[in-house]
Amino acid sequence: MPKLTMVQAINLGLDQEMQRDDRVIVLGEDVGRDGGVFRVTEGLLAKYGETRVIDTPLAESAILGASIGMALAGLRPVAEMQFCGFSYLMLPQLEGHASRFRARSQGQLTCPLVVRVPYGGGVRALEHHSEARETLYAHLPGVKVVVPSAPRNARALIVAAVRDPDPVVFLEPKRSYRAFREEVPEEEEVMPIGCAIVVRPGTDLTAISWGAMMRPTLQAVEELQKQRKASIELIDLLSLAPLDVETIGASVAKTGRCVVVQESPRSFGPAAELIAVINDRALLQLEAPVKRVTGYDVVTPYFGREHQYIASPARIRRALEETLDF
Amino acid sequence: MPKLTMVQAINLGLDQEMQRDDRVIVLGEDVGRDGGVFRVTEGLLAKYGETRVIDTPLAESAILGASIGMALAGLRPVAEMQFCGFSYLMLPQLEGHASRFRARSQGQLTCPLVVRVPYGGGVRALEHHSEARETLYAHLPGVKVVVPSAPRNARALIVAAVRDPDPVVFLEPKRSYRAFREEVPEEEEVMPIGCAIVVRPGTDLTAISWGAMMRPTLQAVEELQKQRKASIELIDLLSLAPLDVETIGASVAKTGRCVVVQESPRSFGPAAELIAVINDRALLQLEAPVKRVTGYDVVTPYFGREHQYIASPARIRRALEETLDF
Amino acid sequence: MPRKEIETFAVSWLQVLDETGTADPELDPKLPQETLLELQRAMVRARESDARMLRLQRQGRIGTFGPCTGQEASVCGPALAMAPQDWFAGSFRELGGRQIRGEPLTNTFLFHNGFEEGNVQPAGVTRLLPVSIIVGAQTLHAVGAAYAMKYRGEKACVVTFLGDGATSEGDFHEALNFASVWQVPVVFIVQNNQWAISIPRRKQMHCRTIAQRAIAYDMPGLQVDGNDVLGMYVAAREALDRARGGGGPTLIEAVTYRLMMHTTADDPSKYRQDDEVQQWWDRDPLVRFRKYLEARGLWDAQRQALLEAEVKREIDQAVQEFEARRDFPPDAPFDHVFGTRHALIEEQRAQFLADLRLGEGGHA
Amino acid sequence: MPRKEIETFAVSWLQVLDETGTADPELDPKLPQETLLELQRAMVRARESDARMLRLQRQGRIGTFGPCTGQEASVCGPALAMAPQDWFAGSFRELGGRQIRGEPLTNTFLFHNGFEEGNVQPAGVTRLLPVSIIVGAQTLHAVGAAYAMKYRGEKACVVTFLGDGATSEGDFHEALNFASVWQVPVVFIVQNNQWAISIPRRKQMHCRTIAQRAIAYDMPGLQVDGNDVLGMYVAAREALDRARGGGGPTLIEAVTYRLMMHTTADDPSKYRQDDEVQQWWDRDPLVRFRKYLEARGLWDAQRQALLEAEVKREIDQAVQEFEARRDFPPDAPFDHVFGTRHALIEEQRAQFLADLRLGEGGHA
Ligand SMILES: Cc1ncc(C[n+]2csc(CCOP(=O)(O)OP(=O)(O)O)c2C)c(N)n1
Ligand SMILES: Cc1ncc(C[n+]2csc(CCOP(=O)(O)OP(=O)(O)O)c2C)c(N)n1
Ligand SMILES: [Mg+2]
Ligand SMILES: [Mg+2]
């Protein structure tokens, strides 16, 4: 199996889906000749031509709005937003239309489309290029929100997203784009949307994260386990909407302790929803408050200070310890 | 003291602020001649003229974007979005600019502006005219989100919002616009932003809500208290951002039980953040899971079914009972 | 070339039927009698349906809607010029057009009574998008659907309608730009009815015509008398022919008037003068077209009475059918969040149904 | 009037200095020597700063930025035509303009090194908005600020810059429409540098000129040779005079070229040909203007060398000052969320500082 970066893995998934289904169309700013500013769509133009890989004008609302029209007319558009910070321009089309056509027409009209959105910080980029704002999409009914954390699941999930009958916001943690490689099989792999996975089982505490924060979380867990005996269960959400409430509930009901690690600002972030799910399903088993290790409710700092604002493995480890020791 | 509806109370607040400060400018679709589709700005055009009460072209991003420019240049714009369902068109300007100028310039440039947004359901209106989506705004750092629940606090809060040095999203629960009247003093009243109030004190359970859901919640509380001995503390959040974590935490630490009532879809909604706050501050005192009575994670139904989807006093009452009896 | 004109542009105006109902002989499309009568039927049906809906609304039997009276020509002309395989991506004031595309009035009633069932079209009614309320947004869907048609090599076009107010939204600009860059088969029809709720055209835009907006995209643009159904038919047919032939998009401005309130929740007396409204009643598109038909011996008072009676019967029947509908499963919204089932949604459905059984579901 | 042209429009082109540096005698604004030398200085300073920033970026001493080389004329001309009380609402490729407005290079460096401190302007530098990265958004701020100027009766205008790519965003359309409806004193300057990252102009828009977009708003529009600093100066001055006199907004298209990469993160060899780039180097705005100055006896190789040396010294000093800066309180972001303190934020600040003290704050 070749070892791929997440960029290459998503590219592979897109390539194979385009090969398999000529209804799949890729569109966005710079996705063609340039292969996307992160090179995720590299090579697709040469292979599938200008009618299937569209370098659009610079207008996010139009990119999604036109994708909606394509989807209604039977295509399967995969739109790219260049950065999460510009993706809110398409939120009105997503909230107002893509997410609603199915309900509006009681299933007669559907919007199978994917919006790929590189997101999150840690890459020393300009303003608006570093935000994590999963909540804004995860709160919208009718929208699925998927966040891969590694090359192999990124590939299996982009395939699932392309085949999904509904609009999927596919948040790509850009800090993980090239940070590491993983073996990714050539043959088709599909992972279900809406399902979390238990990355490593444990009995004393549940650590939950997703996307780019999986790596520092895993590191913190591993460091801690070298230091002391503690059996930590690690969950990778993979989908934020719909949320896999059963896996989360069952795990914390078992361990009684939980730490959630999130990059985005604290208030009204995904960790809050996870705590609410735990409250619903495992409160009686809780032996300590759920700890949330998150960003702060401040305007995302420019990159000069950014590293101080994204939780480090050390900060996560301390949260794990405090929760274990509570 | 005259008895006013919430519409009249907000109108009074705006009128007095315009009188007091000629930097205050009202702008939006139909806010002038028509007095706003809900009549909140009625009479202001006649009093303050076309340069201060501006009937804008139909473009929400421009309404906020231009307001930002006005605010940067020293004015105090109060923009109206006609309905929450159309307000997402201004979210990019809010997230990308209004909320950031202060941080971006370390306080050298500021955006004191108000965006008034009628929101929420229950008025048998067309699609997009009934959503509650507080989370989308409350999650944005640098944005204050205020939700009045009654005429008197609406007036005191709109005054605070107009005078606030930062962007305030002022969510007006349109179901409460004319549903009841309250005495509102002519003389100036200002309430602080970022502070919840304990509407009625209690010791056995804390019920928390805001906006239009305050009335059914109060009704449920009152009904229940007729039925059985239970001392229920009722909190009206009034501000969703920044959240008054101290009041919430202190109350639930005291009562040990809590029910949160929210109109918007459940997942990633404000109730989740409240549960997280309680988890942080009062978990050890909790005697029952916090119950959330919320909307569902479905695409907001058209008005034919809407009444079944917004929590009734009976549903709230049962949640209170179950939580008391837990 | 230091300072000189490098490009010139022009905007044209089209009117086939003048206000007296007389056709310009060179422009009269000389439509087959059958088509003429279809146009007449469509406009009368729209007018009568509108009137009935207004009554139903006032009686509390349906909810808010936006009457289309006065704009029948600007919608029915293009809708009849469309081919069956074309897409209709409208806004919310095109009742006549929706009817031409086959939407049963029962659906219209259901929609305006707050049931998604109103958007479920019967077999054979396709490529008719639901009413789009967020102004301007549908123009982008139109462009995307047009792209799909071009991509698939289908000889189908998309016609999208919007209002003068909607032209102020960014989406409209983005749609025109995408359509022109992509050269896709889409026709934008702006129903310039002079008002966007209380905002008159001159406060909405500074330009003299909306048609000239086409120049910004090097797109054919045309201003048409929107109360002249033949003019609208001709303009749309020309644009559709061009689009079908690969000639790309067109912008048509229909100059017309909203004779009624914005919606039934609106009171236009707050912001506009009766005499302005009266002037436009004098240009009633239905009267004008009837004169044309009468002059050609195709119409008379008796036929008019017959048509009106027939249309009213149809409407009566639709009202009955609509009011007999009882099958609105309360949990239908849970069926249509996603195309696949998920535990989270199903759990909430169960809670919802349990509350409902206890009589505790919703608010009063 | 059944079918006829009702309106005609034209787009004009302005060039004062041709490619050889020869001024059209009728159009030469005959600027005072002082102004000419300021223009020269501003353009050379921008060019040299850009070059230095590129080196600093390559050495890892500053972060990503978008070079402005090739576009000095289209920015410096208008910026020098502005009055001190005017507002500058730029995008991200107007270094020369920001310098003219007084932004110290240390600020530019700080900004591009990821510190908000770079946007804190020294006393006396006002009405200069920070770099705006979300393309098109700043045009609306410009319109709002212009409204404020008009409302207050100040004789101040707003100049806003954007790229050819930015014209595709809805915000740009909304800004032009609001500006024209409100008739506020704002000048839109589109730097049409032929590319938006990898998207060439012809894939961005179908229209022949961007200037013709003004027609859609009945706004004066003009296409200018953007590599001709005198042409840009004249066009902007004219627009500013009109705006100041109450004549409302203007759209200026500056035809220029992005000679370098989009940003330092971009590799243009993936999408464009060297010979195209070379052609535009042959039209270098700095060379052209220098020839003009030389022909008038105002410039020579020695003065050029002196100016370059002086500018380099300035830059050296700015680099030193910038690299000596150490005062970046880590918790500054907590100071500037809101203008008033709130328990929620202060509590988080305390946690943040505690973690920092434990050495556990941020990621590697
Ligand atoms: C994005 C958006 N903003 C506001 C509204 C509220 N609204 C509904 S119709 C309307 C006016 C529309 O005017 P126009 O486009 O001229 O269409 P008309 O109603 O005249 O047919 C407004 C402001 C909306 N539906 N969508
Ligand atoms: C709304 C938005 N979408 C995408 C981007 C990413 N982006 C930055 S610059 C750019 C191209 C801008 O092109 P143009 O407006 O021509 O300006 P230029 O870079 O040529 O100066 C893009 C796509 C952005 N900054 N803002
Ligand atoms: Mg209109
Ligand atoms: Mg460009």
# chains A, B, ... in the order shown; residues from 1 in each chain; ligands from 1
call {"tool": "interface_residues", "arguments": {"of": "chain C", "to": "chain D", "cutoff": "8 Å", "atoms": "only C-alpha atoms", "output": "ChimeraX atom specification"}}
result
/C:1-16,18,24,27,168-174,177-178,180-181,202-208,210,212-218
call {"tool": "write_last_selection", "arguments": {"atoms": "C-alpha atoms", "output": "mmCIF file, in the first residue's frame"}}
result
data_model
loop_
_atom_site.group_PDB
_atom_site.id
_atom_site.type_symbol
_atom_site.label_atom_id
_atom_site.label_comp_id
_atom_site.auth_asym_id
_atom_site.auth_seq_id
_atom_site.Cartn_x
_atom_site.Cartn_y
_atom_site.Cartn_z
ATOM 1 C CA MET C 1 -5.076 55.849 -27.827
ATOM 2 C CA PRO C 2 -4.905 58.303 -24.927
ATOM 3 C CA ARG C 3 -8.509 59.128 -24.082
ATOM 4 C CA LYS C 4 -11.186 57.757 -26.254
ATOM 5 C CA GLU C 5 -14.300 55.703 -26.394
ATOM 6 C CA ILE C 6 -13.383 52.094 -26.814
ATOM 7 C CA GLU C 7 -16.703 50.362 -26.459
ATOM 8 C CA THR C 8 -20.300 51.364 -26.970
ATOM 9 C CA PHE C 9 -23.419 49.622 -25.838
ATOM 10 C CA ALA C 10 -27.129 50.031 -26.283
ATOM 11 C CA VAL C 11 -30.276 48.947 -24.546
ATOM 12 C CA SER C 12 -33.388 48.188 -26.551
ATOM 13 C CA TRP C 13 -37.041 48.188 -25.745
ATOM 14 C CA LEU C 14 -39.623 45.792 -27.083
ATOM 15 C CA GLN C 15 -43.350 46.171 -27.220
ATOM 16 C CA VAL C 16 -45.519 44.182 -29.597
ATOM 17 C CA ASP C 18 -49.395 48.814 -27.493
ATOM 18 C CA ASP C 24 -46.988 46.295 -34.333
ATOM 19 C CA LEU C 27 -43.260 42.460 -34.619
ATOM 20 C CA SER C 168 -29.741 44.261 -5.526
ATOM 21 C CA GLU C 169 -28.579 41.022 -3.964
ATOM 22 C CA GLY C 170 -25.062 39.803 -4.571
ATOM 23 C CA ASP C 171 -26.377 36.438 -5.709
ATOM 24 C CA PHE C 172 -27.948 38.008 -8.767
ATOM 25 C CA HIS C 173 -24.639 39.497 -9.835
ATOM 26 C CA GLU C 174 -22.821 36.256 -9.214
ATOM 27 C CA ASN C 177 -21.395 36.491 -14.070
ATOM 28 C CA PHE C 178 -21.271 32.705 -13.835
ATOM 29 C CA SER C 180 -21.923 34.575 -18.904
ATOM 30 C CA VAL C 181 -18.541 33.032 -18.161
ATOM 31 C CA ARG C 202 -35.521 54.603 -7.697
ATOM 32 C CA LYS C 203 -34.422 53.783 -4.169
ATOM 33 C CA GLN C 204 -33.472 50.284 -5.198
ATOM 34 C CA MET C 205 -31.167 51.261 -8.013
ATOM 35 C CA HIS C 206 -29.774 54.312 -9.701
ATOM 36 C CA CYS C 207 -29.724 52.927 -13.241
ATOM 37 C CA ARG C 208 -32.341 53.916 -15.770
ATOM 38 C CA ILE C 210 -32.446 46.978 -15.396
ATOM 39 C CA GLN C 212 -28.530 47.666 -18.965
ATOM 40 C CA ARG C 213 -27.180 45.486 -16.201
ATOM 41 C CA ALA C 214 -26.625 42.911 -18.935
ATOM 42 C CA ILE C 215 -23.901 45.124 -20.349
ATOM 43 C CA ALA C 216 -21.775 44.419 -17.303
ATOM 44 C CA TYR C 217 -21.566 40.819 -18.464
ATOM 45 C CA ASP C 218 -21.557 41.300 -22.215
#
call {"tool": "residues_near_ligand", "arguments": {"ligand": "ligand 4", "cutoff": "10 Å", "atoms": "only C-alpha atoms and all ligand atoms", "output": "mmCIF file with N, CA and C atoms, in the first residue's frame"}}
result
data_model
loop_
_atom_site.group_PDB
_atom_site.id
_atom_site.type_symbol
_atom_site.label_atom_id
_atom_site.label_comp_id
_atom_site.auth_asym_id
_atom_site.auth_seq_id
_atom_site.Cartn_x
_atom_site.Cartn_y
_atom_site.Cartn_z
ATOM 1 N N ARG D 93 -2.962 44.366 -1.780
ATOM 2 C CA ARG D 93 -1.854 44.489 -2.721
ATOM 3 C C ARG D 93 -1.603 45.962 -3.028
ATOM 4 N N LEU D 162 -9.672 47.089 -5.154
ATOM 5 C CA LEU D 162 -9.963 45.658 -5.212
ATOM 6 C C LEU D 162 -9.351 45.082 -6.478
ATOM 7 N N GLY D 163 -9.362 43.757 -6.582
ATOM 8 C CA GLY D 163 -8.768 43.106 -7.741
ATOM 9 C C GLY D 163 -9.807 42.712 -8.773
ATOM 10 N N ASP D 164 -9.342 42.274 -9.928
ATOM 11 C CA ASP D 164 -10.254 41.793 -10.957
ATOM 12 C C ASP D 164 -11.053 40.600 -10.440
ATOM 13 N N GLY D 165 -10.403 39.731 -9.681
ATOM 14 C CA GLY D 165 -11.121 38.586 -9.135
ATOM 15 C C GLY D 165 -12.222 39.017 -8.183
ATOM 16 N N ALA D 166 -11.944 40.013 -7.398
ATOM 17 C CA ALA D 166 -12.911 40.473 -6.403
ATOM 18 C C ALA D 166 -14.189 41.001 -7.038
ATOM 19 N N THR D 167 -14.111 41.397 -8.296
ATOM 20 C CA THR D 167 -15.335 41.912 -8.933
ATOM 21 C C THR D 167 -16.401 40.835 -9.066
ATOM 22 N N VAL D 190 -10.443 49.236 -9.440
ATOM 23 C CA VAL D 190 -10.194 47.816 -9.670
ATOM 24 C C VAL D 190 -8.809 47.685 -10.284
ATOM 25 N N GLN D 191 -7.954 47.005 -9.566
ATOM 26 C CA GLN D 191 -6.643 46.709 -10.126
ATOM 27 C C GLN D 191 -6.785 45.441 -10.945
ATOM 28 N N ASN D 192 -7.040 45.625 -12.205
ATOM 29 C CA ASN D 192 -7.168 44.468 -13.087
ATOM 30 C C ASN D 192 -5.768 44.015 -13.486
ATOM 31 N N ASN D 193 -5.242 43.118 -12.664
ATOM 32 C CA ASN D 193 -3.878 42.636 -12.929
ATOM 33 C C ASN D 193 -3.897 41.308 -13.690
ATOM 34 N N GLN D 194 -5.007 41.041 -14.327
ATOM 35 C CA GLN D 194 -5.167 39.923 -15.272
ATOM 36 C C GLN D 194 -5.294 38.553 -14.615
ATOM 37 N N TRP D 195 -4.983 38.453 -13.358
ATOM 38 C CA TRP D 195 -5.036 37.156 -12.693
ATOM 39 C C TRP D 195 -5.649 37.265 -11.314
ATOM 40 N N ALA D 196 -6.340 36.217 -10.924
ATOM 41 C CA ALA D 196 -6.795 36.046 -9.543
ATOM 42 C C ALA D 196 -6.249 34.671 -9.161
ATOM 43 N N ILE D 197 -5.155 34.692 -8.450
ATOM 44 C CA ILE D 197 -4.345 33.486 -8.289
ATOM 45 C C ILE D 197 -4.165 32.875 -9.682
ATOM 46 N N SER D 198 -4.725 31.689 -9.916
ATOM 47 C CA SER D 198 -4.465 31.027 -11.204
ATOM 48 C C SER D 198 -5.550 31.279 -12.245
ATOM 49 N N ILE D 199 -6.523 32.099 -11.887
ATOM 50 C CA ILE D 199 -7.657 32.294 -12.805
ATOM 51 C C ILE D 199 -7.414 33.526 -13.670
ATOM 52 N N PRO D 200 -7.304 33.312 -14.954
ATOM 53 C CA PRO D 200 -7.103 34.466 -15.826
ATOM 54 C C PRO D 200 -8.405 35.260 -15.996
ATOM 55 N N ARG D 201 -8.238 36.483 -16.387
ATOM 56 C CA ARG D 201 -9.383 37.379 -16.519
ATOM 57 C C ARG D 201 -10.528 36.763 -17.322
ATOM 58 N N GLN D 204 -12.690 34.687 -15.391
ATOM 59 C CA GLN D 204 -13.290 35.402 -14.267
ATOM 60 C C GLN D 204 -14.538 36.143 -14.712
ATOM 61 N N THR D 256 -3.473 46.501 -15.489
ATOM 62 C CA THR D 256 -2.094 46.338 -15.064
ATOM 63 C C THR D 256 -1.761 44.857 -15.027
ATOM 64 N N TYR D 257 -0.754 44.505 -14.294
ATOM 65 C CA TYR D 257 -0.325 43.103 -14.304
ATOM 66 C C TYR D 257 0.385 42.761 -13.005
ATOM 67 N N ARG D 258 0.103 41.571 -12.531
ATOM 68 C CA ARG D 258 0.781 41.061 -11.346
ATOM 69 C C ARG D 258 2.062 40.380 -11.813
ATOM 70 N N HIS D 262 1.171 35.172 -6.838
ATOM 71 C CA HIS D 262 0.001 35.704 -6.133
ATOM 72 C C HIS D 262 0.368 36.065 -4.698
#
call {"tool": "interface_residues", "arguments": {"of": "chain C", "to": "chain B", "cutoff": "7 Å", "atoms": "only C-alpha atoms", "output": "MDAnalysis selection string"}}
result
chainID C and resid 64 113:116 134 165:166 168:169 198:199 203:204 270:271 330 333:334 337 345 348 355 360:364
call {"tool": "closest_residue", "arguments": {"among": "A:Pro165, A:Pro92, A:Pro270, A:Pro289", "to": "ligand 1", "atoms": "only C-alpha atoms and all ligand atoms"}}
result
A:Pro92
call {"tool": "interface_residues", "arguments": {"of": "chain A", "to": "chain B", "cutoff": "7 Å", "atoms": "only C-alpha atoms", "output": "list in words"}}
result
Tyr88, Leu89, Leu91, Pro92, Arg100, Ala103, Thr135, Leu136, Ala138, His139, Pro141, Gly142, Ser267, Phe268, Gly269, Pro270, Ala272, Glu273, Ile275, Ala276, Asn279, Asp280, Leu283, Pro289, Val290, Asp297, Val298 and Val299 of chain A
call {"tool": "residues_around", "arguments": {"residues": "Thr294 in chain B", "least_positions_apart": "3", "cutoff": "6 Å", "atoms": "only C-alpha atoms", "output": "compact mmCIF listing (two decimals) with N, CA and C atoms, in the first residue's frame"}}
result
# COMPACT_ATOMS: atom_id res chain seq x y z
N VAL B 261 -34.84 25.43 28.29
CA VAL B 261 -35.88 25.44 27.25
C VAL B 261 -35.41 26.29 26.08
N GLN B 262 -35.36 25.67 24.94
CA GLN B 262 -34.82 26.34 23.75
C GLN B 262 -35.72 26.05 22.55
N GLU B 263 -35.87 27.02 21.69
CA GLU B 263 -36.71 26.83 20.51
C GLU B 263 -35.94 26.19 19.36
N ARG B 266 -31.97 21.02 18.40
CA ARG B 266 -31.27 20.62 19.61
C ARG B 266 -29.75 20.67 19.48
call {"tool": "residues_around", "arguments": {"residues": "Pro77 in chain B", "least_positions_apart": "3", "cutoff": "9 Å", "atoms": "only C-alpha atoms", "output": "list in words"}}
result
Arg23, Val24, Ile25, Val26, Leu27, Ser67, Ile68, Met70, Ala71, Pro112, Leu113, Val114, Val115 and Val162 of chain B
call {"tool": "select_by_dssp", "arguments": {"residues": "range 82-313 of chain B", "states": "strand (DSSP E or B)", "output": "ChimeraX atom specification"}}
result
/B:114-119,144-146,168-173,182-183,197-200,205-209,232-236,239-241,258-261,291-293,311
call {"tool": "atom_distance", "arguments": {"atom1": "CA of Phe92 in chain D", "atom2": "CA of His141 in chain D"}}
result
15.0 Å
